[in-house]
>>> print(open('entry.cif').read())   # mmCIF, N, CA and C atoms
data_entry
loop_
_atom_site.label_atom_id
_atom_site.label_comp_id
_atom_site.auth_asym_id
_atom_site.auth_seq_id
_atom_site.Cartn_x
_atom_site.Cartn_y
_atom_site.Cartn_z
N MET A 1 143.53 127.35 121.26
CA MET A 1 143.97 126.95 119.95
C MET A 1 143.21 125.69 119.49
N LYS A 2 142.98 124.74 120.41
CA LYS A 2 142.27 123.51 120.06
C LYS A 2 140.82 123.82 119.68
N LYS A 3 140.23 124.83 120.35
CA LYS A 3 138.85 125.18 120.04
C LYS A 3 138.75 125.78 118.63
N LEU A 4 139.73 126.58 118.25
CA LEU A 4 139.73 127.16 116.91
C LEU A 4 139.94 126.10 115.84
N LEU A 5 140.82 125.16 116.12
CA LEU A 5 141.06 124.07 115.17
C LEU A 5 139.81 123.21 115.01
N PHE A 6 139.18 122.93 116.12
CA PHE A 6 137.95 122.13 116.10
C PHE A 6 136.85 122.87 115.33
N LEU A 7 136.70 124.16 115.56
CA LEU A 7 135.71 124.97 114.86
C LEU A 7 136.03 125.02 113.36
N PHE A 8 137.28 125.15 113.00
CA PHE A 8 137.69 125.16 111.61
C PHE A 8 137.37 123.83 110.93
N LEU A 9 137.61 122.71 111.60
CA LEU A 9 137.31 121.39 111.03
C LEU A 9 135.81 121.21 110.82
N ILE A 10 135.01 121.66 111.76
CA ILE A 10 133.56 121.54 111.63
C ILE A 10 133.06 122.38 110.45
N LEU A 11 133.55 123.61 110.36
CA LEU A 11 133.12 124.48 109.26
C LEU A 11 133.55 123.94 107.90
N SER A 12 134.76 123.43 107.81
CA SER A 12 135.21 122.88 106.53
C SER A 12 134.42 121.62 106.17
N PHE A 13 134.06 120.84 107.15
CA PHE A 13 133.24 119.65 106.90
C PHE A 13 131.86 120.04 106.39
N LEU A 14 131.25 121.03 107.02
CA LEU A 14 129.92 121.46 106.61
C LEU A 14 129.92 122.04 105.20
N PHE A 15 130.94 122.81 104.86
CA PHE A 15 131.00 123.38 103.52
C PHE A 15 131.32 122.35 102.45
N SER A 16 132.05 121.32 102.79
CA SER A 16 132.42 120.32 101.79
C SER A 16 131.31 119.32 101.54
N CYS A 17 130.38 119.18 102.45
CA CYS A 17 129.30 118.20 102.29
C CYS A 17 128.34 118.57 101.17
N GLY A 18 128.15 119.84 100.93
CA GLY A 18 127.18 120.26 99.93
C GLY A 18 127.72 120.27 98.53
N ARG A 19 128.99 120.07 98.33
CA ARG A 19 129.58 120.16 96.99
C ARG A 19 129.70 118.77 96.36
N GLY A 20 129.67 118.77 95.09
CA GLY A 20 129.87 117.51 94.36
C GLY A 20 128.66 116.61 94.40
N LYS A 21 127.47 117.18 94.56
CA LYS A 21 126.26 116.35 94.57
C LYS A 21 126.03 115.80 93.17
N VAL A 22 125.69 114.55 93.12
CA VAL A 22 125.38 113.89 91.86
C VAL A 22 123.87 113.80 91.75
N PRO A 23 123.29 114.31 90.68
CA PRO A 23 121.83 114.23 90.55
C PRO A 23 121.38 112.77 90.42
N ILE A 24 120.22 112.51 90.94
CA ILE A 24 119.66 111.16 90.88
C ILE A 24 119.14 110.93 89.47
N SER A 25 119.59 109.87 88.86
CA SER A 25 119.13 109.56 87.51
C SER A 25 117.80 108.81 87.58
N GLU A 26 117.17 108.71 86.45
CA GLU A 26 115.88 108.01 86.40
C GLU A 26 116.01 106.53 86.77
N SER A 27 117.13 105.93 86.41
CA SER A 27 117.28 104.50 86.65
C SER A 27 117.58 104.19 88.11
N SER A 28 118.02 105.16 88.88
CA SER A 28 118.36 104.87 90.27
C SER A 28 117.25 105.22 91.25
N ARG A 29 116.13 105.69 90.76
CA ARG A 29 115.02 105.99 91.64
C ARG A 29 114.38 104.72 92.15
N ILE A 30 113.81 104.79 93.31
CA ILE A 30 113.16 103.62 93.91
C ILE A 30 111.79 103.44 93.27
N ILE A 31 111.58 102.27 92.73
CA ILE A 31 110.30 101.93 92.10
C ILE A 31 109.61 100.92 93.02
N PRO A 32 108.37 101.18 93.41
CA PRO A 32 107.70 100.24 94.31
C PRO A 32 107.53 98.87 93.67
N ASP A 33 107.67 97.87 94.47
CA ASP A 33 107.52 96.49 94.03
C ASP A 33 106.03 96.19 93.87
N SER A 34 105.62 95.86 92.66
CA SER A 34 104.19 95.64 92.42
C SER A 34 103.69 94.41 93.18
N PHE A 35 104.54 93.40 93.36
CA PHE A 35 104.11 92.23 94.12
C PHE A 35 103.82 92.61 95.57
N ALA A 36 104.67 93.45 96.17
CA ALA A 36 104.46 93.86 97.56
C ALA A 36 103.18 94.67 97.70
N ILE A 37 102.90 95.53 96.74
CA ILE A 37 101.66 96.31 96.78
C ILE A 37 100.46 95.37 96.63
N GLY A 38 100.53 94.45 95.69
CA GLY A 38 99.44 93.49 95.50
C GLY A 38 99.22 92.63 96.72
N LEU A 39 100.31 92.19 97.35
CA LEU A 39 100.19 91.37 98.55
C LEU A 39 99.56 92.14 99.69
N ASN A 40 99.94 93.41 99.85
CA ASN A 40 99.33 94.24 100.89
C ASN A 40 97.83 94.42 100.64
N LEU A 41 97.45 94.66 99.40
CA LEU A 41 96.03 94.81 99.08
C LEU A 41 95.27 93.50 99.29
N TYR A 42 95.90 92.38 98.93
CA TYR A 42 95.29 91.06 99.13
C TYR A 42 95.06 90.81 100.62
N ASN A 43 96.07 91.07 101.43
CA ASN A 43 95.94 90.88 102.88
C ASN A 43 94.91 91.84 103.47
N LYS A 44 94.86 93.07 102.96
CA LYS A 44 93.88 94.04 103.43
C LYS A 44 92.46 93.56 103.11
N GLY A 45 92.27 93.03 101.91
CA GLY A 45 90.96 92.49 101.53
C GLY A 45 90.53 91.34 102.40
N ARG A 46 91.47 90.45 102.71
CA ARG A 46 91.15 89.33 103.60
C ARG A 46 90.80 89.82 104.99
N ALA A 47 91.55 90.80 105.48
CA ALA A 47 91.29 91.32 106.82
C ALA A 47 89.94 92.03 106.89
N VAL A 48 89.63 92.80 105.85
CA VAL A 48 88.34 93.51 105.83
C VAL A 48 87.20 92.51 105.86
N TYR A 49 87.32 91.44 105.07
CA TYR A 49 86.24 90.46 105.02
C TYR A 49 86.10 89.72 106.35
N HIS A 50 87.21 89.32 106.93
CA HIS A 50 87.15 88.52 108.15
C HIS A 50 86.72 89.33 109.37
N HIS A 51 86.95 90.64 109.34
CA HIS A 51 86.61 91.45 110.51
C HIS A 51 85.28 92.18 110.37
N SER A 52 84.83 92.41 109.14
CA SER A 52 83.59 93.17 109.00
C SER A 52 82.55 92.47 108.12
N ASN A 53 82.95 91.41 107.45
CA ASN A 53 82.06 90.69 106.54
C ASN A 53 81.49 91.61 105.46
N ASN A 54 82.30 92.58 105.04
CA ASN A 54 81.90 93.54 104.03
C ASN A 54 82.40 93.05 102.67
N MET A 55 81.50 92.49 101.89
CA MET A 55 81.87 91.88 100.62
C MET A 55 82.32 92.91 99.59
N ASP A 56 81.69 94.08 99.56
CA ASP A 56 82.06 95.09 98.57
C ASP A 56 83.48 95.58 98.76
N SER A 57 83.87 95.84 100.01
CA SER A 57 85.24 96.30 100.28
C SER A 57 86.24 95.20 99.97
N MET A 58 85.90 93.97 100.32
CA MET A 58 86.80 92.86 100.05
C MET A 58 87.02 92.71 98.54
N LEU A 59 85.95 92.78 97.76
CA LEU A 59 86.07 92.66 96.31
C LEU A 59 86.87 93.81 95.73
N PHE A 60 86.70 95.01 96.27
CA PHE A 60 87.46 96.16 95.81
C PHE A 60 88.95 95.94 96.01
N TYR A 61 89.35 95.51 97.20
CA TYR A 61 90.77 95.28 97.48
C TYR A 61 91.32 94.12 96.65
N MET A 62 90.54 93.07 96.47
CA MET A 62 91.02 91.92 95.71
C MET A 62 91.19 92.27 94.23
N GLN A 63 90.28 93.06 93.68
CA GLN A 63 90.42 93.45 92.28
C GLN A 63 91.61 94.36 92.09
N LEU A 64 91.87 95.24 93.06
CA LEU A 64 93.08 96.06 92.99
C LEU A 64 94.32 95.20 93.07
N ALA A 65 94.30 94.23 93.98
CA ALA A 65 95.46 93.35 94.16
C ALA A 65 95.75 92.57 92.88
N GLU A 66 94.71 92.08 92.23
CA GLU A 66 94.91 91.31 91.00
C GLU A 66 95.59 92.16 89.93
N GLY A 67 95.29 93.44 89.89
CA GLY A 67 95.91 94.33 88.92
C GLY A 67 97.40 94.55 89.16
N PHE A 68 97.85 94.43 90.41
CA PHE A 68 99.27 94.63 90.72
C PHE A 68 100.09 93.37 90.56
N PHE A 69 99.46 92.21 90.58
CA PHE A 69 100.21 90.97 90.42
C PHE A 69 100.58 90.77 88.97
N ILE A 70 101.80 90.33 88.74
CA ILE A 70 102.28 90.10 87.39
C ILE A 70 102.12 88.63 87.02
N ARG A 71 102.49 87.75 87.94
CA ARG A 71 102.43 86.31 87.66
C ARG A 71 100.99 85.82 87.68
N ASP A 72 100.70 84.90 86.77
CA ASP A 72 99.35 84.36 86.67
C ASP A 72 98.95 83.57 87.90
N GLY A 73 99.90 82.90 88.53
CA GLY A 73 99.58 82.12 89.72
C GLY A 73 99.07 82.98 90.86
N HIS A 74 99.61 84.19 90.98
CA HIS A 74 99.13 85.10 92.02
C HIS A 74 97.72 85.59 91.72
N LYS A 75 97.45 85.86 90.44
CA LYS A 75 96.11 86.27 90.05
C LYS A 75 95.11 85.14 90.29
N ALA A 76 95.54 83.91 90.03
CA ALA A 76 94.67 82.77 90.27
C ALA A 76 94.36 82.62 91.76
N GLN A 77 95.35 82.89 92.59
CA GLN A 77 95.14 82.79 94.03
C GLN A 77 94.10 83.80 94.51
N VAL A 78 94.16 85.02 93.97
CA VAL A 78 93.17 86.04 94.33
C VAL A 78 91.78 85.60 93.92
N ASN A 79 91.65 85.11 92.68
CA ASN A 79 90.33 84.67 92.20
C ASN A 79 89.83 83.44 92.96
N ARG A 80 90.73 82.56 93.35
CA ARG A 80 90.33 81.39 94.14
C ARG A 80 89.81 81.81 95.51
N TYR A 81 90.46 82.80 96.11
CA TYR A 81 89.99 83.27 97.41
C TYR A 81 88.62 83.93 97.30
N ILE A 82 88.42 84.75 96.27
CA ILE A 82 87.12 85.37 96.06
C ILE A 82 86.06 84.29 95.86
N ALA A 83 86.39 83.28 95.07
CA ALA A 83 85.44 82.19 94.83
C ALA A 83 85.11 81.43 96.10
N SER A 84 86.10 81.19 96.94
CA SER A 84 85.83 80.46 98.18
C SER A 84 84.97 81.29 99.14
N VAL A 85 85.11 82.61 99.10
CA VAL A 85 84.25 83.47 99.93
C VAL A 85 82.81 83.41 99.41
N TYR A 86 82.64 83.50 98.09
CA TYR A 86 81.29 83.37 97.53
C TYR A 86 80.70 82.00 97.85
N SER A 87 81.51 80.98 97.77
CA SER A 87 81.05 79.64 98.07
C SER A 87 80.60 79.51 99.53
N ALA A 88 81.36 80.10 100.43
CA ALA A 88 81.00 80.06 101.86
C ALA A 88 79.71 80.83 102.13
N ARG A 89 79.44 81.84 101.33
CA ARG A 89 78.22 82.64 101.49
C ARG A 89 77.02 82.00 100.81
N GLY A 90 77.24 80.90 100.08
CA GLY A 90 76.15 80.20 99.41
C GLY A 90 75.81 80.75 98.03
N GLU A 91 76.65 81.61 97.50
CA GLU A 91 76.43 82.17 96.16
C GLU A 91 77.24 81.34 95.15
N SER A 92 76.68 80.19 94.81
CA SER A 92 77.40 79.19 94.01
C SER A 92 77.71 79.67 92.60
N ASP A 93 76.79 80.38 91.96
CA ASP A 93 77.04 80.82 90.58
C ASP A 93 78.23 81.76 90.50
N GLU A 94 78.32 82.70 91.44
CA GLU A 94 79.47 83.61 91.48
C GLU A 94 80.75 82.85 91.82
N ALA A 95 80.64 81.89 92.73
CA ALA A 95 81.81 81.09 93.11
C ALA A 95 82.34 80.32 91.91
N ILE A 96 81.44 79.71 91.16
CA ILE A 96 81.84 78.95 89.96
C ILE A 96 82.53 79.86 88.96
N ARG A 97 81.97 81.06 88.77
CA ARG A 97 82.56 82.01 87.82
C ARG A 97 84.00 82.37 88.21
N TYR A 98 84.23 82.63 89.49
CA TYR A 98 85.58 83.00 89.92
C TYR A 98 86.52 81.79 89.96
N PHE A 99 85.99 80.60 90.29
CA PHE A 99 86.84 79.41 90.23
C PHE A 99 87.29 79.15 88.79
N LEU A 100 86.38 79.28 87.83
CA LEU A 100 86.74 79.08 86.43
C LEU A 100 87.74 80.13 85.96
N ARG A 101 87.56 81.36 86.43
CA ARG A 101 88.51 82.42 86.10
C ARG A 101 89.89 82.11 86.67
N ALA A 102 89.91 81.56 87.88
CA ALA A 102 91.18 81.18 88.50
C ALA A 102 91.83 80.02 87.76
N SER A 103 91.01 79.11 87.24
CA SER A 103 91.57 77.93 86.57
C SER A 103 92.29 78.30 85.27
N ARG A 104 91.93 79.43 84.66
CA ARG A 104 92.57 79.84 83.42
C ARG A 104 94.01 80.31 83.62
N THR A 105 94.32 80.80 84.81
CA THR A 105 95.66 81.35 85.05
C THR A 105 96.42 80.60 86.14
N ALA A 106 95.89 79.47 86.59
CA ALA A 106 96.49 78.76 87.72
C ALA A 106 97.78 78.05 87.34
N GLU A 107 98.63 77.92 88.34
CA GLU A 107 99.82 77.09 88.21
C GLU A 107 99.45 75.66 88.56
N GLU A 108 100.34 74.74 88.27
CA GLU A 108 100.01 73.32 88.43
C GLU A 108 99.62 72.95 89.85
N TRP A 109 100.30 73.50 90.84
CA TRP A 109 100.01 73.13 92.23
C TRP A 109 98.66 73.66 92.70
N GLN A 110 98.06 74.62 91.98
CA GLN A 110 96.80 75.21 92.38
C GLN A 110 95.59 74.48 91.82
N TYR A 111 95.78 73.65 90.79
CA TYR A 111 94.64 73.01 90.13
C TYR A 111 93.83 72.12 91.06
N SER A 112 94.45 71.43 91.95
CA SER A 112 93.69 70.53 92.81
C SER A 112 92.71 71.30 93.68
N PHE A 113 93.14 72.43 94.24
CA PHE A 113 92.26 73.24 95.07
C PHE A 113 91.13 73.85 94.23
N ILE A 114 91.47 74.29 93.04
CA ILE A 114 90.48 74.93 92.18
C ILE A 114 89.46 73.92 91.68
N CYS A 115 89.91 72.76 91.23
CA CYS A 115 88.98 71.74 90.73
C CYS A 115 88.07 71.24 91.84
N GLN A 116 88.62 71.07 93.02
CA GLN A 116 87.79 70.64 94.14
C GLN A 116 86.77 71.72 94.50
N GLY A 117 87.19 72.98 94.45
CA GLY A 117 86.27 74.08 94.73
C GLY A 117 85.16 74.17 93.71
N ILE A 118 85.49 73.95 92.44
CA ILE A 118 84.47 73.98 91.38
C ILE A 118 83.47 72.85 91.59
N ALA A 119 83.97 71.67 91.88
CA ALA A 119 83.08 70.53 92.10
C ALA A 119 82.17 70.78 93.30
N ASP A 120 82.72 71.32 94.38
CA ASP A 120 81.91 71.61 95.56
C ASP A 120 80.86 72.67 95.28
N ALA A 121 81.23 73.69 94.52
CA ALA A 121 80.27 74.76 94.20
C ALA A 121 79.14 74.24 93.32
N TYR A 122 79.46 73.39 92.36
CA TYR A 122 78.40 72.81 91.52
C TYR A 122 77.47 71.93 92.34
N THR A 123 78.02 71.11 93.20
CA THR A 123 77.16 70.23 94.00
C THR A 123 76.34 71.03 95.02
N ALA A 124 76.90 72.12 95.55
CA ALA A 124 76.14 72.97 96.48
C ALA A 124 74.97 73.64 95.76
N ALA A 125 75.14 73.90 94.46
CA ALA A 125 74.07 74.52 93.68
C ALA A 125 73.06 73.49 93.19
N GLY A 126 73.32 72.21 93.46
CA GLY A 126 72.42 71.15 93.01
C GLY A 126 72.66 70.73 91.58
N ARG A 127 73.74 71.13 91.01
CA ARG A 127 74.10 70.79 89.64
C ARG A 127 75.12 69.64 89.69
N PHE A 128 74.60 68.47 90.05
CA PHE A 128 75.46 67.33 90.34
C PHE A 128 76.20 66.79 89.12
N ARG A 129 75.56 66.85 87.98
CA ARG A 129 76.20 66.33 86.76
C ARG A 129 77.47 67.12 86.45
N GLU A 130 77.37 68.46 86.51
CA GLU A 130 78.54 69.28 86.23
C GLU A 130 79.60 69.11 87.31
N GLY A 131 79.17 68.95 88.54
CA GLY A 131 80.11 68.69 89.64
C GLY A 131 80.82 67.37 89.46
N GLY A 132 80.08 66.36 88.98
CA GLY A 132 80.69 65.06 88.72
C GLY A 132 81.72 65.11 87.60
N ILE A 133 81.44 65.94 86.60
CA ILE A 133 82.39 66.10 85.50
C ILE A 133 83.70 66.67 86.03
N TRP A 134 83.62 67.66 86.91
CA TRP A 134 84.83 68.25 87.46
C TRP A 134 85.57 67.29 88.38
N ILE A 135 84.83 66.49 89.14
CA ILE A 135 85.49 65.50 90.00
C ILE A 135 86.20 64.47 89.13
N ARG A 136 85.55 64.03 88.05
CA ARG A 136 86.18 63.07 87.14
C ARG A 136 87.40 63.69 86.48
N PHE A 137 87.30 64.94 86.06
CA PHE A 137 88.44 65.64 85.46
C PHE A 137 89.59 65.72 86.44
N TYR A 138 89.28 66.06 87.66
CA TYR A 138 90.33 66.20 88.68
C TYR A 138 91.02 64.86 88.94
N THR A 139 90.26 63.79 89.07
CA THR A 139 90.89 62.50 89.37
C THR A 139 91.67 61.96 88.17
N GLU A 140 91.21 62.23 86.95
CA GLU A 140 91.95 61.78 85.78
C GLU A 140 93.25 62.56 85.60
N GLU A 141 93.20 63.86 85.83
CA GLU A 141 94.37 64.70 85.62
C GLU A 141 95.38 64.62 86.75
N TYR A 142 94.89 64.61 87.98
CA TYR A 142 95.79 64.75 89.12
C TYR A 142 95.78 63.56 90.07
N GLY A 143 95.00 62.56 89.73
CA GLY A 143 94.99 61.29 90.44
C GLY A 143 94.69 61.40 91.86
#
>>> encode(input="entry.cif", output="structure tokens")
Amino acid sequence: MKKLLFLFLILSFLFSCGRGKVPISESSRIIPDSFAIGLNLYNKGRAVYHHSNNMDSMLFYMQLAEGFFIRDGHKAQVNRYIASVYSARGESDEAIRYFLRASRTAEEWQYSFICQGIADAYTAAGRFREGGIWIRFYTEEYG
């Protein structure tokens, strides 16, 4: 008798589970977090560069990451990293271009790093006057 009761309970449970399903609405679907996707692409770009020194792949991942970031500060961080990689490779003109691009969208706490990077890139290129202007700008603005 206990076996029949147990079998009856299992069967009734199985049949009741499929009824009363509520369809998933559009608003309750899981939407991927664009910041998380951008951060993963940013980290992937950094890893590719540090492990293979492949500039094209790194730039590809960084440009994708910048597209997923919503906040300007995150976009500035991506451009600052690209600029620092160009600067380390001795490509000062490209570094300056990306530092200036980063400066347009940077948050206040990022300006010191960006201004110092711009000044270093100008002086590495032998353009001391422009580097001096950025150093003067940095010290006047951020002391």
>>> closest_residue(input="entry.cif", among="A:Gly117, A:Leu59, A:Ser103, A:Asn43", to="A:Ser84", atoms="all atoms listed in the file")
A:Gly117
>>> resolve_selection(input="entry.cif", expression="the PyMOL selection byres ((chain A and resi 131-140) around 8)", output="VMD selection string")
chain A and resid 111 to 112 115 to 116 118 to 124 126 to 130 141 to 143
>>> residues_around(input="entry.cif", residues="A:Tyr42", least_positions_apart="4", cutoff="5 Å", atoms="all atoms listed in the file", output="list in words")
Gly38, Arg46 and Ala65 of chain A
>>> residues_near_point(input="entry.cif", point="(100.9, 94.7, 94.0)", cutoff="8 Å", atoms="all atoms listed in the file", output="ChimeraX atom specification")
/A:32-42,64-70
>>> atom_distance(input="entry.cif", atom1="atom N of A:Asp56", atom2="atom CA of A:Glu107")
27.3 Å
>>> atom_distance(input="entry.cif", atom1="atom CA of A:His51", atom2="atom CA of A:Ile114")
25.0 Å
>>> atom_distance(input="entry.cif", atom1="atom CA of A:Arg104", atom2="atom CA of A:Gln77")
11.3 Å
>>> resolve_selection(input="entry.cif", expression="the PyMOL selection byres ((chain A and resi 58) around 7)", output="NGL selection string")
:A and (44-46 or 48-49 or 54-57 or 59-63)
>>> closest_residue(input="entry.cif", among="A:Ala83, A:Ala125, A:Arg71, A:Ala76", to="A:Phe99", atoms="all atoms listed in the file")
A:Ala83
>>> select_by_dssp(input="entry.cif", residues="stretch 12-143 of chain A", states="alpha helix (DSSP H)", output="PyMOL selection string")
chain A and resi 12-17+34-52+55-68+72-88+92-105+111-124+128-142
